file structure_14.cif (mmCIF, C-alpha atoms)
data_query
#
loop_
_atom_site.label_atom_id
_atom_site.label_comp_id
_atom_site.auth_asym_id
_atom_site.auth_seq_id
_atom_site.Cartn_x
_atom_site.Cartn_y
_atom_site.Cartn_z
CA MET Y 1 0.00 0.00 0.00
CA MET Y 2 2.71 2.46 1.08
CA VAL Y 3 5.05 1.31 -1.67
CA LYS Y 4 2.26 1.74 -4.19
CA PHE Y 5 1.63 5.27 -2.97
CA ILE Y 6 5.30 6.21 -3.18
CA HIS Y 7 5.46 4.84 -6.71
CA LYS Y 8 2.44 6.86 -7.68
CA LEU Y 9 3.80 9.97 -6.00
CA ALA Y 10 7.07 9.62 -7.87
CA SER Y 11 5.24 9.92 -11.16
CA PRO Y 12 5.51 13.55 -12.26
CA LYS Y 13 1.93 13.74 -13.45
CA TYR Y 14 0.43 12.57 -10.17
CA PHE Y 15 2.80 14.79 -8.20
CA TYR Y 16 1.80 17.77 -10.31
CA HIS Y 17 -1.90 17.31 -9.68
CA LEU Y 18 -1.56 16.53 -5.97
CA SER Y 19 0.75 19.49 -5.33
CA GLY Y 20 -1.66 21.78 -7.14
CA LYS Y 21 -4.32 20.93 -4.57
CA LEU Y 22 -1.92 21.56 -1.68
CA LEU Y 23 -0.72 24.99 -2.79
CA PRO Y 24 -3.60 27.19 -1.55
CA TRP Y 25 -3.57 25.48 1.86
CA LEU Y 26 0.16 25.92 2.24
CA MET Y 27 -0.12 29.55 1.24
CA ALA Y 28 -2.83 30.18 3.84
CA MET Y 29 -0.89 28.38 6.58
CA CYS Y 30 2.30 30.21 5.69
CA LEU Y 31 0.62 33.62 5.94
CA LEU Y 32 -1.17 32.71 9.15
CA PHE Y 33 1.97 31.50 10.92
CA PHE Y 34 4.02 34.49 9.77
CA LEU Y 35 1.32 36.87 10.98
CA LEU Y 36 0.96 35.17 14.37
CA GLY Y 37 4.72 34.81 14.77
CA LEU Y 38 5.45 38.43 13.90
CA VAL Y 39 2.75 39.81 16.18
CA GLN Y 40 3.89 37.60 19.05
CA GLY Y 41 7.56 38.18 18.43
CA LEU Y 42 7.60 41.90 17.75
CA ILE Y 43 4.81 43.06 20.05
CA TYR Y 44 3.97 40.60 22.80
CA ALA Y 45 7.27 38.91 23.63
CA PRO Y 46 8.88 40.65 26.62
CA VAL Y 47 12.12 42.61 26.44
CA ASP Y 48 15.26 40.57 27.09
CA TYR Y 49 17.01 41.62 30.28
CA GLN Y 50 20.47 41.46 28.68
CA GLN Y 51 19.95 42.33 25.04
CA GLY Y 52 16.97 44.68 25.21
CA HIS Y 53 14.81 44.67 22.11
CA SER Y 54 17.65 43.64 19.80
CA TYR Y 55 17.05 39.96 20.55
CA ARG Y 56 13.85 40.15 18.47
CA ILE Y 57 16.04 39.57 15.42
CA MET Y 58 16.25 36.01 16.73
CA PHE Y 59 12.70 35.30 15.50
CA ILE Y 60 13.83 35.57 11.90
CA HIS Y 61 17.53 34.73 12.32
CA VAL Y 62 17.21 31.38 14.08
CA PRO Y 63 14.42 29.92 11.89
CA SER Y 64 16.34 30.93 8.73
CA ALA Y 65 19.51 29.31 10.03
CA TRP Y 66 17.59 26.13 10.88
CA MET Y 67 16.04 26.15 7.42
CA SER Y 68 19.44 26.57 5.78
CA LEU Y 69 20.57 23.33 7.42
CA MET Y 70 17.31 21.44 6.98
CA ILE Y 71 17.04 22.25 3.29
CA TYR Y 72 20.62 21.15 2.72
CA ILE Y 73 19.93 17.82 4.41
CA ILE Y 74 16.80 17.36 2.29
CA MET Y 75 18.81 18.17 -0.84
CA ALA Y 76 21.50 15.69 0.09
CA THR Y 77 18.91 12.98 0.79
CA ALA Y 78 17.14 13.65 -2.49
CA GLY Y 79 20.50 13.65 -4.28
CA ALA Y 80 21.39 10.27 -2.79
CA ILE Y 81 17.98 8.86 -3.75
CA PHE Y 82 18.49 10.08 -7.29
CA LEU Y 83 21.97 8.54 -7.53
CA ILE Y 84 20.83 5.18 -6.15
CA TRP Y 85 17.35 4.67 -7.59
CA LYS Y 86 17.39 7.14 -10.51
CA ILE Y 87 14.06 8.64 -9.48
CA LYS Y 88 13.52 11.76 -11.59
CA LEU Y 89 11.38 13.44 -8.98
CA ALA Y 90 14.22 13.26 -6.43
CA ALA Y 91 16.46 15.24 -8.76
CA ILE Y 92 13.70 17.81 -9.20
CA ILE Y 93 13.25 18.12 -5.41
CA ALA Y 94 17.00 18.60 -4.94
CA SER Y 95 17.39 21.23 -7.61
CA SER Y 96 14.19 23.07 -6.58
CA SER Y 97 15.55 23.38 -3.05
CA ALA Y 98 18.83 25.01 -3.98
CA THR Y 99 17.67 28.59 -4.52
CA ILE Y 100 15.37 28.50 -1.49
CA GLY Y 101 18.19 27.14 0.66
CA ALA Y 102 20.51 29.85 -0.61
CA ALA Y 103 17.86 32.48 0.21
CA PHE Y 104 17.48 31.27 3.80
CA THR Y 105 21.25 31.04 4.27
CA PHE Y 106 21.58 34.58 2.99
CA ILE Y 107 18.87 35.78 5.39
CA ALA Y 108 20.55 33.98 8.30
CA LEU Y 109 23.88 35.65 7.50
CA VAL Y 110 22.47 39.15 6.97
CA THR Y 111 20.21 39.13 10.02
CA GLY Y 112 23.11 37.66 12.02
CA ALA Y 113 25.30 40.56 10.93
CA LEU Y 114 22.59 43.06 11.84
CA TRP Y 115 22.29 41.42 15.25
CA GLY Y 116 26.05 41.18 15.68
CA LYS Y 117 26.65 44.89 15.21
CA PRO Y 118 24.77 46.09 18.31
CA MET Y 119 25.70 43.04 20.42
CA TRP Y 120 29.31 42.24 19.48
CA GLY Y 121 30.25 45.61 18.00
CA THR Y 122 30.93 44.17 14.56
CA TYR Y 123 28.90 43.04 11.55
CA TRP Y 124 31.23 40.20 10.77
CA ALA Y 125 33.89 38.11 12.45
CA TRP Y 126 35.79 35.09 11.11
CA ASP Y 127 34.26 32.97 13.78
CA ALA Y 128 33.69 29.22 13.33
CA ARG Y 129 29.89 29.39 13.20
CA LEU Y 130 29.81 32.39 10.87
CA THR Y 131 32.47 31.06 8.55
CA SER Y 132 30.93 27.60 8.23
CA GLU Y 133 27.54 29.16 7.49
CA LEU Y 134 29.18 31.31 4.80
CA ILE Y 135 30.67 28.14 3.30
CA LEU Y 136 27.14 26.71 3.24
CA LEU Y 137 26.03 29.70 1.17
CA PHE Y 138 28.90 29.03 -1.25
CA LEU Y 139 27.87 25.37 -1.46
CA TYR Y 140 24.35 26.42 -2.44
CA LEU Y 141 25.66 28.94 -4.97
CA GLY Y 142 28.11 26.37 -6.33
CA TYR Y 143 25.26 23.91 -6.76
CA ILE Y 144 23.20 26.46 -8.69
CA ALA Y 145 26.17 27.43 -10.87
CA LEU Y 146 27.08 23.80 -11.58
CA GLU Y 147 23.51 22.98 -12.56
CA GLU Y 148 23.38 25.89 -14.97
CA ALA Y 149 26.77 25.05 -16.47
CA ILE Y 150 25.77 21.54 -17.59
CA ASP Y 151 23.31 21.40 -20.47
CA ASP Y 152 22.24 17.78 -20.27
CA PRO Y 153 19.73 17.58 -17.38
CA ARG Y 154 20.70 14.01 -16.42
CA SER Y 155 24.40 14.71 -16.10
CA ALA Y 156 23.62 17.98 -14.33
CA SER Y 157 21.51 16.17 -11.74
CA LYS Y 158 24.24 13.57 -11.25
CA ALA Y 159 27.06 16.08 -10.83
CA CYS Y 160 24.95 18.21 -8.49
CA ALA Y 161 24.01 15.19 -6.39
CA VAL Y 162 27.69 14.35 -5.93
CA LEU Y 163 28.50 17.96 -5.03
CA VAL Y 164 25.71 18.19 -2.47
CA LEU Y 165 26.78 14.88 -0.88
CA VAL Y 166 30.39 16.00 -0.58
CA GLY Y 167 29.21 19.22 1.06
CA VAL Y 168 27.31 17.32 3.76
CA VAL Y 169 30.53 17.27 5.79
CA ASN Y 170 29.91 20.96 6.48
CA ILE Y 171 26.57 20.37 8.22
CA PRO Y 172 27.87 18.84 11.49
CA ILE Y 173 30.65 21.42 11.45
CA ILE Y 174 28.08 24.22 11.45
CA HIS Y 175 25.97 22.55 14.10
CA TYR Y 176 28.79 21.76 16.53
CA SER Y 177 30.97 24.79 15.75
CA VAL Y 178 29.77 26.58 18.87
CA GLU Y 179 30.87 23.63 21.01
CA TRP Y 180 34.09 22.65 19.24
CA TRP Y 181 35.62 26.10 19.03
CA TYR Y 182 35.66 29.06 21.30
CA THR Y 183 33.34 31.32 19.35
CA LEU Y 184 31.65 34.66 19.53
CA HIS Y 185 28.38 33.02 18.57
CA GLN Y 186 26.28 31.84 21.49
CA GLY Y 187 25.45 28.18 22.02
CA ALA Y 188 22.11 26.53 21.39
CA SER Y 189 19.23 27.68 23.54
CA VAL Y 190 16.39 25.62 22.15
CA SER Y 191 17.73 22.25 21.06
CA LYS Y 192 18.71 21.28 24.59
CA LEU Y 193 15.49 19.35 24.73
CA ASP Y 194 15.27 18.63 28.46
CA THR Y 195 15.54 22.21 29.68
CA PRO Y 196 15.53 24.77 26.91
CA SER Y 197 17.15 27.93 28.25
CA ILE Y 198 14.56 30.16 26.67
CA HIS Y 199 11.36 31.44 28.21
CA ILE Y 200 8.04 30.15 26.91
CA SER Y 201 6.94 33.66 25.90
CA MET Y 202 9.92 33.80 23.53
CA LEU Y 203 9.78 30.15 22.52
CA ILE Y 204 6.23 30.39 21.14
CA PRO Y 205 6.94 33.14 18.56
CA LEU Y 206 10.16 31.36 17.65
CA LEU Y 207 8.27 28.14 16.95
CA LEU Y 208 5.55 30.00 15.04
CA MET Y 209 8.15 31.66 12.82
CA THR Y 210 9.84 28.29 12.30
CA LEU Y 211 6.54 26.77 11.20
CA ALA Y 212 5.97 29.74 8.89
CA CYS Y 213 9.39 29.24 7.29
CA LYS Y 214 8.69 25.52 6.85
CA CYS Y 215 5.39 26.26 5.14
CA TYR Y 216 7.16 28.82 2.97
CA TYR Y 217 9.70 26.22 1.95
CA ALA Y 218 7.00 23.64 1.24
CA LEU Y 219 5.11 26.19 -0.83
CA THR Y 220 8.05 27.44 -2.88
CA ILE Y 221 9.59 24.01 -3.43
CA LEU Y 222 6.28 22.73 -4.81
CA MET Y 223 5.88 25.78 -7.05
CA GLN Y 224 9.42 25.41 -8.28
CA ALA Y 225 9.13 21.65 -8.78
CA ARG Y 226 5.91 22.10 -10.75
CA ASN Y 227 7.67 24.50 -13.12
CA LYS Y 228 10.49 22.03 -13.64
CA ILE Y 229 8.06 19.17 -14.21
CA LEU Y 230 6.16 21.11 -16.87
CA TRP Y 231 9.40 21.86 -18.66
CA GLN Y 232 10.81 18.34 -18.43
CA GLU Y 233 7.56 16.64 -19.42
CA GLN Y 234 6.70 19.09 -22.19
CA ASN Y 235 6.50 16.32 -24.78
CA THR Y 236 3.90 14.32 -22.88
CA HIS Y 237 0.19 14.36 -23.60
CA TRP Y 238 -0.88 15.50 -20.18
CA VAL Y 239 1.30 18.62 -20.17
CA ARG Y 240 0.12 19.46 -23.65
CA ALA Y 241 -3.49 19.04 -22.62
CA LEU Y 242 -2.94 21.10 -19.49
CA ILE Y 243 -1.33 24.03 -21.25
CA THR Y 244 -3.75 24.14 -24.18
CA GLU Y 245 -6.75 23.80 -21.84
CA ASN Y 246 -5.57 26.80 -19.86
CA GLN Y 247 -5.34 28.84 -23.02
CA SER Y 248 -8.71 30.45 -22.46
CA LYS Y 249 -7.82 31.43 -18.91
CA GLY Y 250 -4.99 33.54 -20.21
CA MET X 251 2.77 51.49 23.83
CA SER X 252 3.13 54.33 21.34
CA LEU X 253 3.93 53.76 17.68
CA ALA X 254 7.14 55.79 17.84
CA LYS X 255 8.37 53.68 20.73
CA PHE X 256 7.46 50.51 18.83
CA ILE X 257 9.42 51.63 15.79
CA ASP X 258 12.39 52.74 17.89
CA MET X 259 12.61 49.32 19.64
CA GLY X 260 14.68 50.71 22.49
CA GLY X 261 17.26 52.13 20.09
CA TYR X 262 17.61 48.91 18.08
CA GLY X 263 14.96 49.84 15.51
CA PHE X 264 17.40 50.14 12.61
CA TYR X 265 18.82 46.65 13.13
CA ILE X 266 15.50 44.96 13.77
CA TRP X 267 13.54 46.58 10.95
CA SER X 268 16.28 46.14 8.39
CA SER X 269 16.56 42.45 9.36
CA TYR X 270 12.87 41.87 8.85
CA GLY X 271 12.78 44.11 5.80
CA ILE X 272 15.58 42.28 4.02
CA ALA X 273 14.15 38.89 4.93
CA PHE X 274 10.73 39.94 3.64
CA CYS X 275 12.19 41.23 0.37
CA VAL X 276 14.23 38.08 -0.25
CA LEU X 277 11.25 35.78 0.39
CA MET X 278 8.98 37.91 -1.82
CA VAL X 279 11.44 38.15 -4.71
CA MET X 280 11.78 34.38 -4.58
CA VAL X 281 8.03 33.81 -5.01
CA TRP X 282 7.84 36.50 -7.68
CA LYS X 283 10.67 34.91 -9.69
CA ILE X 284 9.07 31.45 -9.52
CA ARG X 285 5.76 32.88 -10.75
CA LYS X 286 7.48 34.73 -13.55
CA ASN X 287 9.23 31.52 -14.52
CA LYS X 288 5.88 29.73 -14.61
CA ASN X 289 4.35 32.32 -16.91
CA MET X 290 7.37 32.07 -19.19
CA ILE X 291 7.09 28.29 -19.41
CA TYR X 292 3.38 28.53 -20.20
CA LYS X 293 4.06 31.10 -22.91
CA GLN X 294 6.87 29.13 -24.52
CA LEU X 295 5.02 25.82 -24.45
CA ARG X 296 1.86 27.41 -25.82
CA MET X 297 3.85 28.75 -28.76
CA LYS X 298 5.55 25.42 -29.31
CA TYR X 299 2.26 23.48 -29.27
CA LYS X 300 0.67 25.95 -31.65
CA ARG X 301 3.56 25.50 -34.05
CA THR X 302 3.47 21.71 -33.99
CA HIS X 303 -0.33 21.80 -34.23
CA ASN X 304 -0.09 23.84 -37.43
CA ILE X 305 2.47 21.46 -38.89
CA GLN X 306 0.18 18.54 -38.20
CA GLN X 307 -2.70 20.29 -39.91
CA ASP X 308 -0.60 21.15 -42.93
CA ASN X 309 0.32 17.54 -43.54
#
call {"tool": "encode", "arguments": {"input": "structure_14.cif", "output": "structure tokens"}}
result
Amino acid sequence: MMVKFIHKLASPKYFYHLSGKLLPWLMAMCLLFFLLGLVQGLIYAPVDYQQGHSYRIMFIHVPSAWMSLMIYIIMATAGAIFLIWKIKLAAIIASSSATIGAAFTFIALVTGALWGKPMWGTYWAWDARLTSELILLFLYLGYIALEEAIDDPRSASKACAVLVLVGVVNIPIIHYSVEWWYTLHQGASVSKLDTPSIHISMLIPLLLMTLACKCYYALTILMQARNKILWQEQNTHWVRALITENQSKG
Amino acid sequence: MSLAKFIDMGGYGFYIWSSYGIAFCVLMVMVWKIRKNKNMIYKQLRMKYKRTHNIQQDN
């Protein structure tokens, strides 16, 4: 039953139709979570006794940084699936994630710099956490450049999958950098599951913003994947029917 | 809480609002580019199908 479903899902046509039904729901959830998270985070969350209001940058900085890692792991998994089982959809998922991952990494770096200035007195430092996150941005950009440089889609997917798998070594480095090296960047406050060192009134907006970012990723990856599917399957009957049927709609 | 105080954010207004502003712009541009890409694909495929359709009719 499950295997059958996965097989069906891996067919581009089925994926296209199913994702089309999901899009409006994801959009609504994304907007709702962002709205709730922003109101909670910027208005209702109390002032931090050490950092004043500046800590409110956390509500966008931390979710973006988490997303930058999560998306990379998803890309690497999809890349491995493509290399092993040659599932076309896995390659599409991996390549659709790259620009979104790069966007979140960029946001994490920029908001980190804007938080660093008032707290550490500098926008940038060659600190372990910051440097490894910058390398992650270069990995994403390298992936995008490599994909565009290779004309044949199959060889592009293969080369990109290898690149993304090699880059996985950077992920634990980013995660543990604050423990392995003496860094400017503070340690984790949420992932210590037993006793998170963050107050509930700050944790709730953080989780809401994280959910919002996840919905945003789900939304954009589906939109992006649908574009790629249309292009790749342009010689099939169903794409032809779909495009010509929508003619009247503009 | 007054609006001016809210915008000032205890002196950190510049850092906070530019963080959220940049993040918002990046996320919006992303969606806009994907939508633009979709419209382009539709346009190109429509043209292609029209062309091949005409060829089929000619034969």
call {"tool": "closest_residue", "arguments": {"input": "structure_14.cif", "among": "X:Phe256, X:Trp267, X:Phe274, X:Tyr299", "to": "Ile43 of chain Y", "atoms": "only C-alpha atoms"}}
result
X:Phe256
call {"tool": "atom_distance", "arguments": {"input": "structure_14.cif", "atom1": "atom CA of Met27 of chain Y", "atom2": "atom CA of Phe59 of chain Y"}}
result
20.0 Å
call {"tool": "resolve_selection", "arguments": {"input": "structure_14.cif", "expression": "the PyMOL selection byres ((chain Y) within 10 of (chain X))", "output": "PyMOL selection string"}}
result
chain Y and resi 38+42-43+47+51-61+64+99-100+103-104+106-108+110-118+213+216-217+219-221+223-228+230-231+234-235+239-244+246-247+250
call {"tool": "closest_residue", "arguments": {"input": "structure_14.cif", "among": "Y:Trp85, Y:Phe34, Y:Trp66, Y:Tyr140", "to": "Ala188 of chain Y", "atoms": "all atoms listed in the file"}}
result
Y:Trp66
call {"tool": "closest_residue", "arguments": {"input": "structure_14.cif", "among": "Y:Glu245, Y:Ile81, Y:Met209, Y:Ala218", "to": "Pro24 of chain Y", "atoms": "only C-alpha atoms"}}
result
Y:Ala218
call {"tool": "resolve_selection", "arguments": {"input": "structure_14.cif", "expression": "the PyMOL selection byres ((chain Y and resi 69) around 12)", "output": "PyMOL selection string"}}
result
chain Y and resi 62-68+70-76+97-98+100-105+108+132-133+135-137+139-140+167-175
call {"tool": "atom_distance", "arguments": {"input": "structure_14.cif", "atom1": "atom CA of Met202 of chain Y", "atom2": "atom CA of Val39 of chain Y"}}
result
11.9 Å
call {"tool": "resolve_selection", "arguments": {"input": "structure_14.cif", "expression": "the PyMOL selection byres ((chain Y and resi 204) around 12)", "output": "PyMOL selection string"}}
result
chain Y and resi 33+36-41+44-46+59+190+198-203+205-211
call {"tool": "atom_distance", "arguments": {"input": "structure_14.cif", "atom1": "atom CA of Cys160 of chain Y", "atom2": "atom CA of Ala145 of chain Y"}}
result
9.6 Å
call {"tool": "residues_around", "arguments": {"input": "structure_14.cif", "residues": "Lys86 of chain Y", "least_positions_apart": "5", "cutoff": "12 Å", "atoms": "all atoms listed in the file", "output": "PyMOL selection string"}}
result
chain Y and resi 10+78-81+91-92+154-155+157-158+161
